[in-house]
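Pasted below: start12.txt, compact mmCIF, C-alpha atoms.
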# COMPACT_ATOMS: atom_id res chain seq x y z
CA PHE A 1 21.51 -21.23 -16.56
CA VAL A 2 21.82 -22.47 -20.11
CA ASP A 3 20.30 -21.10 -23.30
CA ASP A 4 20.36 -21.80 -27.02
CA ASN A 5 19.81 -19.65 -30.10
CA LEU A 6 18.41 -21.77 -32.96
CA PRO A 7 17.81 -20.15 -36.40
CA LEU A 8 15.22 -22.01 -38.50
CA GLY A 9 15.75 -20.61 -41.97
CA ASN A 10 16.27 -16.93 -42.66
CA ARG A 11 13.14 -15.64 -40.92
CA LEU A 12 12.39 -17.72 -37.81
CA THR A 13 14.59 -17.88 -34.71
CA LEU A 14 13.94 -19.86 -31.54
CA LYS A 15 15.59 -19.00 -28.25
CA THR A 16 15.22 -21.58 -25.50
CA GLY A 17 16.75 -21.88 -22.08
CA ILE A 18 16.37 -22.73 -18.44
CA ARG A 19 17.55 -21.11 -15.22
CA ILE A 20 17.92 -23.15 -12.04
CA ASN A 21 17.89 -21.43 -8.64
CA LEU A 22 18.96 -23.14 -5.41
CA SER A 23 17.64 -21.44 -2.27
CA THR A 24 20.07 -21.65 0.65
CA THR A 25 17.21 -20.71 2.98
CA ASN A 26 15.00 -23.74 2.44
CA GLY A 27 17.16 -25.96 0.22
CA ASN A 28 14.55 -26.02 -2.57
CA VAL A 29 15.39 -25.94 -6.26
CA TYR A 30 13.38 -23.62 -8.51
CA TYR A 31 13.26 -24.20 -12.28
CA GLU A 32 12.63 -21.38 -14.74
CA PRO A 33 12.22 -22.56 -18.37
CA ARG A 34 12.09 -19.88 -21.08
CA LEU A 35 10.98 -19.90 -24.71
CA ASN A 36 11.05 -17.12 -27.30
CA ALA A 37 10.15 -17.18 -30.99
CA SER A 38 11.01 -14.35 -33.38
CA TYR A 39 9.74 -14.18 -36.98
CA LYS A 40 10.99 -11.60 -39.46
CA VAL A 41 8.09 -10.81 -41.80
CA SER A 42 10.12 -8.23 -43.73
CA ASP A 43 12.99 -5.82 -43.22
CA GLN A 44 10.59 -3.52 -41.39
CA ILE A 45 8.25 -5.90 -39.50
CA LYS A 46 9.13 -8.45 -36.83
CA LEU A 47 6.86 -10.68 -34.71
CA ASN A 48 7.87 -11.98 -31.27
CA ALA A 49 6.25 -14.37 -28.81
CA SER A 50 7.65 -15.55 -25.50
CA TRP A 51 6.77 -17.65 -22.47
CA GLY A 52 8.66 -18.07 -19.21
CA ARG A 53 8.59 -18.95 -15.54
CA TYR A 54 10.07 -16.58 -12.94
CA HIS A 55 10.70 -16.55 -9.18
CA GLN A 56 11.36 -13.65 -6.85
CA PHE A 57 13.06 -14.30 -3.51
CA ILE A 58 12.95 -10.71 -2.23
CA SER A 59 9.71 -8.76 -2.70
CA LYS A 60 7.58 -5.97 -1.29
CA ILE A 61 4.76 -6.91 1.07
CA ALA A 62 1.87 -4.48 1.63
CA SER A 63 0.70 -3.68 5.15
CA VAL A 64 -2.79 -2.14 5.21
CA ASP A 65 -3.88 -0.27 8.34
CA ARG A 66 -7.43 0.42 9.52
CA ASP A 67 -7.60 3.62 7.42
CA GLN A 68 -6.59 1.81 4.20
CA ASN A 69 -3.11 3.31 4.23
CA TYR A 70 -0.62 1.10 2.38
CA THR A 71 2.96 0.65 3.59
CA TYR A 72 5.31 -1.51 1.52
CA LEU A 73 8.21 -3.33 3.17
CA TRP A 74 10.95 -5.37 1.50
CA SER A 75 11.02 -8.95 2.79
CA ALA A 76 13.09 -12.02 1.95
CA SER A 77 11.39 -15.39 1.55
CA ASN A 78 11.56 -17.73 4.54
CA LYS A 79 9.41 -20.43 6.17
CA ASN A 80 6.58 -17.89 6.69
CA ILE A 81 6.99 -15.96 3.43
CA PRO A 82 6.79 -18.16 0.31
CA VAL A 83 8.73 -17.46 -2.87
CA LEU A 84 6.81 -15.49 -5.50
CA SER A 85 6.22 -17.59 -8.61
CA ALA A 86 5.05 -16.11 -11.91
CA THR A 87 4.31 -17.24 -15.45
CA HIS A 88 4.48 -14.71 -18.30
CA TRP A 89 3.00 -14.85 -21.80
CA VAL A 90 4.02 -12.01 -24.13
CA SER A 91 3.39 -11.33 -27.83
CA GLU A 92 4.75 -8.39 -29.79
CA ILE A 93 4.83 -6.77 -33.21
CA ASN A 94 7.55 -4.30 -34.14
CA TYR A 95 7.70 -1.96 -37.16
CA SER A 96 10.76 0.16 -37.89
CA LYS A 97 11.55 2.26 -40.96
CA ARG A 98 13.29 5.56 -41.66
CA ASN A 99 13.79 6.64 -38.03
CA PHE A 100 10.19 5.68 -37.18
CA THR A 101 9.45 2.91 -34.66
CA LEU A 102 6.13 1.37 -33.68
CA ASN A 103 5.86 -1.40 -31.10
CA ILE A 104 2.68 -3.09 -29.81
CA GLU A 105 2.87 -5.70 -27.06
CA GLY A 106 0.21 -7.82 -25.40
CA TYR A 107 0.87 -9.67 -22.15
CA TYR A 108 -0.66 -11.91 -19.50
CA LYS A 109 1.10 -12.49 -16.18
CA LEU A 110 -0.05 -14.86 -13.45
CA THR A 111 1.63 -14.66 -10.02
CA HIS A 112 1.31 -17.09 -7.10
CA ASN A 113 2.18 -16.72 -3.39
CA VAL A 114 1.24 -13.05 -3.06
CA ILE A 115 1.11 -11.84 0.57
CA GLN A 116 -0.66 -8.90 2.18
CA ARG A 117 -0.85 -7.97 5.88
CA VAL A 118 -4.15 -6.39 6.92
CA PHE A 119 -5.02 -4.77 10.26
CA GLU A 120 -8.21 -6.36 11.59
CA GLN A 121 -10.24 -6.99 14.71
CA ARG A 122 -10.70 -10.70 15.31
CA PHE A 123 -12.33 -12.65 18.11
CA ASP A 124 -11.14 -15.85 19.73
CA GLY A 125 -14.21 -16.75 21.70
CA LYS A 126 -14.83 -13.71 23.88
CA ASN A 127 -11.33 -12.34 23.48
CA ARG A 128 -10.75 -9.64 20.89
CA MET A 129 -7.42 -9.55 19.07
CA ASP A 130 -6.38 -6.42 17.19
CA GLY A 131 -3.41 -6.70 14.88
CA TYR A 132 -2.02 -7.41 11.44
CA PHE A 133 -3.04 -10.72 9.89
CA SER A 134 -1.56 -12.25 6.74
CA TYR A 135 -3.54 -12.96 3.59
CA PHE A 136 -2.18 -15.25 0.86
CA GLY A 137 -3.24 -15.72 -2.74
CA ASN A 138 -2.65 -15.03 -6.40
CA ALA A 139 -2.60 -12.07 -8.77
CA LYS A 140 -2.89 -11.64 -12.50
CA THR A 141 -2.28 -8.79 -14.89
CA TYR A 142 -3.04 -8.47 -18.59
CA GLY A 143 -3.02 -5.64 -21.07
CA ILE A 144 -1.58 -3.96 -24.14
CA ASP A 145 1.38 -1.60 -24.41
CA ALA A 146 1.87 0.61 -27.47
CA PHE A 147 4.98 2.67 -28.18
CA VAL A 148 5.77 5.02 -31.08
CA LYS A 149 8.90 7.07 -31.72
CA LYS A 150 10.09 9.37 -34.51
CA ASP A 151 13.53 10.92 -34.95
CA PHE A 152 14.03 14.14 -36.92
CA GLY A 153 17.76 14.66 -37.30
CA LYS A 154 18.91 15.60 -33.80
CA HIS A 155 15.34 15.78 -32.46
CA SER A 156 13.09 13.00 -31.14
CA ILE A 157 9.50 12.63 -30.04
CA TRP A 158 7.86 9.53 -28.62
CA ALA A 159 4.69 8.40 -26.87
CA SER A 160 3.37 5.30 -25.13
CA TYR A 161 -0.05 4.05 -24.07
CA THR A 162 -1.00 1.21 -21.72
CA LEU A 163 -4.41 -0.41 -21.37
CA SER A 164 -4.24 -2.93 -18.53
CA LYS A 165 -6.08 -4.69 -15.75
CA SER A 166 -4.62 -5.93 -12.45
CA LEU A 167 -6.54 -8.42 -10.30
CA GLU A 168 -5.88 -10.29 -7.08
CA SER A 169 -7.47 -13.00 -4.96
CA LEU A 170 -6.37 -13.21 -1.30
CA ALA A 171 -7.61 -15.11 1.75
CA PRO A 172 -6.39 -16.07 5.26
CA PRO A 173 -4.39 -19.32 5.51
CA ASN A 174 -6.34 -22.57 4.98
CA GLN A 175 -9.36 -20.76 3.54
CA PRO A 176 -10.59 -20.94 -0.08
CA LEU A 177 -9.64 -18.06 -2.34
CA PRO A 178 -12.46 -15.69 -3.35
CA GLU A 179 -13.18 -14.42 -6.85
CA TYR A 180 -10.62 -12.07 -8.38
CA THR A 181 -11.16 -8.37 -7.65
CA LEU A 182 -9.34 -5.25 -8.83
CA ALA A 183 -5.95 -4.85 -7.15
CA PRO A 184 -5.21 -1.60 -5.25
CA HIS A 185 -2.60 -0.60 -7.87
CA HIS A 186 -4.92 -1.28 -10.82
CA GLN A 187 -5.01 1.59 -13.34
CA LEU A 188 -6.90 1.12 -16.58
CA HIS A 189 -5.25 3.79 -18.74
CA GLU A 190 -1.83 5.39 -18.79
CA PHE A 191 -0.45 7.73 -21.47
CA LYS A 192 3.01 9.26 -21.73
CA ALA A 193 4.51 11.61 -24.32
CA ALA A 194 7.95 13.21 -24.50
CA GLY A 195 10.13 15.23 -26.80
CA LEU A 196 13.80 16.18 -27.04
CA LEU A 197 15.02 19.10 -29.19
CA ASN A 198 18.70 19.80 -29.81
CA PHE A 199 19.94 23.21 -30.99
CA GLY A 200 23.72 23.41 -30.85
CA ARG A 201 24.78 22.95 -27.25
CA PHE A 202 21.26 23.34 -25.88
CA TYR A 203 18.85 20.45 -25.27
CA PHE A 204 15.20 21.20 -24.54
CA SER A 205 12.98 18.39 -23.29
CA ALA A 206 9.47 18.00 -21.96
CA ASP A 207 7.16 15.15 -21.03
CA TYR A 208 3.51 14.63 -20.18
CA VAL A 209 2.10 11.85 -18.01
CA TYR A 210 -1.56 10.90 -17.62
CA GLY A 211 -3.01 8.10 -15.52
CA SER A 212 -6.72 7.38 -15.14
CA GLY A 213 -6.31 6.77 -11.41
CA MET A 214 -5.47 3.81 -9.20
CA GLN A 215 -8.13 1.60 -7.67
CA ILE A 216 -7.05 2.38 -4.09
CA LEU A 217 -7.69 6.10 -4.69
CA LYS A 218 -11.16 5.41 -6.06
CA LYS A 219 -11.90 3.29 -3.00
CA VAL A 220 -10.59 5.65 -0.32
CA PHE A 221 -11.57 9.02 -1.84
CA SER A 222 -14.83 8.06 -3.54
CA LYS A 223 -16.89 10.32 -1.25
CA THR A 224 -14.70 13.40 -1.60
CA THR A 225 -13.97 13.74 -5.32
CA ASN A 226 -14.88 12.24 -8.66
CA ASP A 227 -11.57 12.97 -10.41
CA MET A 228 -8.97 10.32 -9.56
CA SER A 229 -6.77 10.93 -12.60
CA TYR A 230 -3.13 11.90 -12.42
CA ASN A 231 -1.48 14.23 -14.94
CA ARG A 232 1.74 16.18 -14.95
CA VAL A 233 3.98 18.15 -17.34
CA ASP A 234 7.74 18.34 -16.77
CA ALA A 235 10.28 20.44 -18.67
CA ALA A 236 14.05 20.73 -18.70
CA VAL A 237 16.93 22.60 -20.36
CA THR A 238 20.48 21.24 -20.59
CA TYR A 239 23.62 23.03 -21.83
CA LYS A 240 26.73 21.07 -22.80
CA PHE A 241 30.16 22.65 -23.13
CA LYS A 242 33.78 21.54 -23.30
CA PRO A 243 36.42 23.62 -21.53
CA LYS A 244 40.02 22.40 -21.67
CA HIS A 245 40.39 18.76 -20.61
CA PHE A 246 36.74 18.48 -19.51
CA SER A 247 33.29 17.63 -20.85
CA CYS A 248 30.63 19.42 -18.85
CA GLU A 249 26.90 19.97 -18.80
CA THR A 250 24.56 22.02 -16.68
CA GLY A 251 20.84 22.63 -16.67
CA PHE A 252 17.63 22.84 -14.74
CA SER A 253 14.26 21.13 -14.73
CA VAL A 254 10.77 21.94 -13.52
CA LEU A 255 8.52 19.13 -12.28
CA ASN A 256 4.75 19.56 -12.55
CA LEU A 257 5.18 22.73 -14.60
CA PHE A 258 1.54 23.83 -14.33
CA ASN A 259 1.21 22.93 -10.63
CA THR A 260 -1.53 20.38 -11.27
CA LYS A 261 -3.11 19.00 -8.10
CA ASN A 262 -3.06 15.21 -8.04
CA LEU A 263 -4.06 12.50 -5.60
CA ARG A 264 -1.09 10.20 -4.96

Encoded form (structure tokens):
Amino acid sequence: FVDDNLPLGNRLTLKTGIRINLSTTNGNVYYEPRLNASYKVSDQIKLNASWGRYHQFISKIASVDRDQNYTYLWSASNKNIPVLSATHWVSEINYSKRNFTLNIEGYYKLTHNVIQRVFEQRFDGKNRMDGYFSYFGNAKTYGIDAFVKKDFGKHSIWASYTLSKSLESLAPPNQPLPEYTLAPHHQLHEFKAAGLLNFGRFYFSADYVYGSGMQILKKVFSKTTNDMSYNRVDAAVTYKFKPKHFSCETGFSVLNLFNTKNLR
């Protein structure tokens, strides 16, 4: 790979580069150009925009059985499994002042050569064939991430929110791709908050996670419940001490503190 950092004045910086991958499996060469622009509006505000191509030679492939159970297996690309190819567009604004940080990022990601294996019943004339059949296609994801953090001396609190949409379009080999539909892992909303308090040698921390629910849950459990959301509170205590010649820490944590029942 090769890259270059090019300042244009005191405020604008361009970072360009390219990565070249040679696959020893198929002998193909894969090019990954990258471009990033950063503009410093003031000492507190910075704007970023980036574009890039990416390839993934080892990836997870979903196997879906007749009951819509998903099993993910790691697979390396070969003559039957194409290399994942993705293009990313990302824009970002960052504000930082007096131990306060705010970051908002928008993104769009398009991925080609997605594979999924689905258990189906197919007929070849009068003969029925039951088994897993491969589907190939594309996927795209777009959304907004927001992150805020504040430090108070030795204490910190932060939170993040994601609004996103994940879509996919898959079809058997040599068949036209259908319209994009919601991907099984699609989740519209996700919110996280956490805090860390330090009093002497004691560190108290807690976090909260909320997700509006994945599409696969809404599809499989639609007849049994209306609440597909996921939420959980975790808490932990850590104690740090220094006996002779050692630096030590001990503690304990509780996951799902309020024993919330969630579909997973």

One-decimal distance in Å that lies between CA of Tyr161 in chain A and CA of Asn94 in chain A: 15.1 Å

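Ranking A:Trp51, A:Tyr95, A:Phe123, A:Tyr132 by their shortest atom-to-atom distance to Asp65 in chain A, with all atoms listed in the file included, puts A:Tyr132 first.
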
Can you tell me, as a short mmCIF file (atom, residue, chain, number, x, y, z; two decimals) with C-alpha atoms, keeping the file's coordinate frame, what residues are no more than 10 Å from range 220-224 of chain A when counting all atoms listed in the file, ignoring any on the same chain fewer than 4 positions away?
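So the final result, stored in around.cif, reads:
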data_model
loop_
_atom_site.label_atom_id
_atom_site.label_comp_id
_atom_site.auth_asym_id
_atom_site.auth_seq_id
_atom_site.Cartn_x
_atom_site.Cartn_y
_atom_site.Cartn_z
CA ASP A 67 -7.60 3.62 7.42
CA GLN A 68 -6.59 1.81 4.20
CA ASN A 69 -3.11 3.31 4.23
CA GLN A 215 -8.13 1.60 -7.67
CA ILE A 216 -7.05 2.38 -4.09
CA MET A 228 -8.97 10.32 -9.56
CA LEU A 263 -4.06 12.50 -5.60
#

Asn5 in chain A surroundings by only C-alpha atoms, 12 Å radius, close-in-sequence under 2 positions cut, as a list in words: Val2, Asp3, Pro7, Leu8, Leu12, Thr13, Leu14, Lys15, Thr16, Gly17, Arg34, Leu35, Asn36, Ala37 and Ser38 of chain A

Contacts of Val148 in chain A within 9 Å, all atoms listed in the file, excl. fewer than 4 positions in-chain, as a ChimeraX atom specification: /A:100-104,157-160

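Proximity to Leu73 in chain A was assessed for A:Leu257, A:Phe119, A:Leu22, A:Ser59 counting all atoms listed in the file; the smallest distance is recorded for A:Ser59.
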
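For the atom pair formed by CA of Lys60 in chain A and CA of Phe147 in chain A, the distance is 28.4 Å, given to one decimal.
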
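Closest approach to Asn138 in chain A among A:Leu163, A:Leu188, A:Ile61, A:Ala86: A:Ala86, based on only C-alpha atoms.
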
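Comparing the minimum interatomic distances between Lys149 in chain A and each of A:Glu190, A:Ile115, A:Tyr239, A:Asn99, counting all atoms listed in the file, we find that A:Asn99 sits nearest.
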
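The interatomic distance for the pair CA of Tyr107 in chain A and CA of Glu168 in chain A works out to 16.5 Å.
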
If you count only C-alpha atoms, which residues fall within 12 Å of Ala139 in chain A, apart from same-chain ones fewer than 5 positions away, as number ranges by chain? A: 84-87, 108-116, 165-170, 177-186

Filled-in all heavy atoms of range 242-253 of chain A, supplied as a PDB file, in the coordinates of the input:
ATOM      1  N   LYS A 242      32.525  22.263 -23.463  1.00  0.00           N
ATOM      2  CA  LYS A 242      33.780  21.540 -23.300  1.00  0.00           C
ATOM      3  C   LYS A 242      34.933  22.517 -23.070  1.00  0.00           C
ATOM      4  O   LYS A 242      35.590  22.955 -24.019  1.00  0.00           O
ATOM      5  CB  LYS A 242      34.063  20.689 -24.537  1.00  0.00           C
ATOM      6  CG  LYS A 242      33.101  19.522 -24.723  1.00  0.00           C
ATOM      7  CD  LYS A 242      33.504  18.667 -25.908  1.00  0.00           C
ATOM      8  CE  LYS A 242      32.588  17.466 -26.060  1.00  0.00           C
ATOM      9  NZ  LYS A 242      32.988  16.584 -27.201  1.00  0.00           N
ATOM     10  N   PRO A 243      35.185  22.872 -21.821  1.00  0.00           N
ATOM     11  CA  PRO A 243      36.420  23.620 -21.530  1.00  0.00           C
ATOM     12  C   PRO A 243      37.620  22.683 -21.674  1.00  0.00           C
ATOM     13  O   PRO A 243      37.477  21.497 -21.962  1.00  0.00           O
ATOM     14  CB  PRO A 243      36.218  24.056 -20.078  1.00  0.00           C
ATOM     15  CG  PRO A 243      35.262  23.055 -19.512  1.00  0.00           C
ATOM     16  CD  PRO A 243      34.363  22.635 -20.639  1.00  0.00           C
ATOM     17  N   LYS A 244      38.812  23.205 -21.473  1.00  0.00           N
ATOM     18  CA  LYS A 244      40.020  22.400 -21.670  1.00  0.00           C
ATOM     19  C   LYS A 244      40.014  21.181 -20.740  1.00  0.00           C
ATOM     20  O   LYS A 244      39.812  21.302 -19.532  1.00  0.00           O
ATOM     21  CB  LYS A 244      41.253  23.243 -21.399  1.00  0.00           C
ATOM     22  CG  LYS A 244      41.502  24.318 -22.458  1.00  0.00           C
ATOM     23  CD  LYS A 244      42.795  25.067 -22.189  1.00  0.00           C
ATOM     24  CE  LYS A 244      43.058  26.113 -23.273  1.00  0.00           C
ATOM     25  NZ  LYS A 244      44.319  26.853 -23.023  1.00  0.00           N
ATOM     26  N   HIS A 245      40.221  20.019 -21.337  1.00  0.00           N
ATOM     27  CA  HIS A 245      40.390  18.760 -20.610  1.00  0.00           C
ATOM     28  C   HIS A 245      39.113  18.285 -19.915  1.00  0.00           C
ATOM     29  O   HIS A 245      39.163  17.348 -19.116  1.00  0.00           O
ATOM     30  CB  HIS A 245      41.514  18.867 -19.561  1.00  0.00           C
ATOM     31  CG  HIS A 245      42.787  19.432 -20.095  1.00  0.00           C
ATOM     32  ND1 HIS A 245      43.517  18.818 -21.089  1.00  0.00           N
ATOM     33  CD2 HIS A 245      43.450  20.592 -19.788  1.00  0.00           C
ATOM     34  CE1 HIS A 245      44.593  19.544 -21.358  1.00  0.00           C
ATOM     35  NE2 HIS A 245      44.570  20.633 -20.589  1.00  0.00           N
ATOM     36  N   PHE A 246      37.972  18.880 -20.186  1.00  0.00           N
ATOM     37  CA  PHE A 246      36.740  18.480 -19.510  1.00  0.00           C
ATOM     38  C   PHE A 246      35.572  18.439 -20.494  1.00  0.00           C
ATOM     39  O   PHE A 246      35.573  19.156 -21.500  1.00  0.00           O
ATOM     40  CB  PHE A 246      36.380  19.459 -18.377  1.00  0.00           C
ATOM     41  CG  PHE A 246      37.338  19.430 -17.220  1.00  0.00           C
ATOM     42  CD1 PHE A 246      38.341  20.379 -17.128  1.00  0.00           C
ATOM     43  CD2 PHE A 246      37.241  18.462 -16.240  1.00  0.00           C
ATOM     44  CE1 PHE A 246      39.229  20.368 -16.076  1.00  0.00           C
ATOM     45  CE2 PHE A 246      38.122  18.440 -15.171  1.00  0.00           C
ATOM     46  CZ  PHE A 246      39.123  19.396 -15.087  1.00  0.00           C
ATOM     47  N   SER A 247      34.597  17.610 -20.179  1.00  0.00           N
ATOM     48  CA  SER A 247      33.290  17.630 -20.850  1.00  0.00           C
ATOM     49  C   SER A 247      32.252  17.901 -19.767  1.00  0.00           C
ATOM     50  O   SER A 247      32.120  17.121 -18.812  1.00  0.00           O
ATOM     51  CB  SER A 247      33.011  16.292 -21.539  1.00  0.00           C
ATOM     52  OG  SER A 247      33.926  16.071 -22.594  1.00  0.00           O
ATOM     53  N   CYS A 248      31.530  18.980 -19.913  1.00  0.00           N
ATOM     54  CA  CYS A 248      30.630  19.420 -18.850  1.00  0.00           C
ATOM     55  C   CYS A 248      29.223  19.636 -19.382  1.00  0.00           C
ATOM     56  O   CYS A 248      29.012  19.855 -20.578  1.00  0.00           O
ATOM     57  CB  CYS A 248      31.128  20.715 -18.221  1.00  0.00           C
ATOM     58  SG  CYS A 248      32.799  20.625 -17.542  1.00  0.00           S
ATOM     59  N   GLU A 249      28.273  19.594 -18.488  1.00  0.00           N
ATOM     60  CA  GLU A 249      26.900  19.970 -18.800  1.00  0.00           C
ATOM     61  C   GLU A 249      26.234  20.513 -17.553  1.00  0.00           C
ATOM     62  O   GLU A 249      26.552  20.133 -16.428  1.00  0.00           O
ATOM     63  CB  GLU A 249      26.112  18.803 -19.365  1.00  0.00           C
ATOM     64  CG  GLU A 249      25.887  17.641 -18.426  1.00  0.00           C
ATOM     65  CD  GLU A 249      25.069  16.537 -19.072  1.00  0.00           C
ATOM     66  OE1 GLU A 249      25.513  15.980 -20.097  1.00  0.00           O
ATOM     67  OE2 GLU A 249      23.979  16.258 -18.546  1.00  0.00           O
ATOM     68  N   THR A 250      25.324  21.439 -17.771  1.00  0.00           N
ATOM     69  CA  THR A 250      24.560  22.020 -16.680  1.00  0.00           C
ATOM     70  C   THR A 250      23.142  22.267 -17.172  1.00  0.00           C
ATOM     71  O   THR A 250      22.883  22.281 -18.381  1.00  0.00           O
ATOM     72  CB  THR A 250      25.196  23.332 -16.189  1.00  0.00           C
ATOM     73  OG1 THR A 250      24.476  23.820 -15.051  1.00  0.00           O
ATOM     74  CG2 THR A 250      25.158  24.389 -17.284  1.00  0.00           C
ATOM     75  N   GLY A 251      22.223  22.420 -16.262  1.00  0.00           N
ATOM     76  CA  GLY A 251      20.840  22.630 -16.670  1.00  0.00           C
ATOM     77  C   GLY A 251      19.906  22.727 -15.489  1.00  0.00           C
ATOM     78  O   GLY A 251      20.339  22.739 -14.332  1.00  0.00           O
ATOM     79  N   PHE A 252      18.640  22.813 -15.800  1.00  0.00           N
ATOM     80  CA  PHE A 252      17.630  22.840 -14.740  1.00  0.00           C
ATOM     81  C   PHE A 252      16.359  22.207 -15.272  1.00  0.00           C
ATOM     82  O   PHE A 252      16.137  22.111 -16.486  1.00  0.00           O
ATOM     83  CB  PHE A 252      17.360  24.282 -14.268  1.00  0.00           C
ATOM     84  CG  PHE A 252      16.687  25.152 -15.302  1.00  0.00           C
ATOM     85  CD1 PHE A 252      15.302  25.252 -15.352  1.00  0.00           C
ATOM     86  CD2 PHE A 252      17.435  25.867 -16.218  1.00  0.00           C
ATOM     87  CE1 PHE A 252      14.681  26.044 -16.298  1.00  0.00           C
ATOM     88  CE2 PHE A 252      16.827  26.662 -17.176  1.00  0.00           C
ATOM     89  CZ  PHE A 252      15.439  26.746 -17.212  1.00  0.00           C
ATOM     90  N   SER A 253      15.531  21.750 -14.358  1.00  0.00           N
ATOM     91  CA  SER A 253      14.260  21.130 -14.730  1.00  0.00           C
ATOM     92  C   SER A 253      13.163  21.603 -13.795  1.00  0.00           C
ATOM     93  O   SER A 253      13.424  22.011 -12.652  1.00  0.00           O
ATOM     94  CB  SER A 253      14.367  19.592 -14.672  1.00  0.00           C
ATOM     95  OG  SER A 253      14.713  19.171 -13.362  1.00  0.00           O
TER      96      SER A 253
END
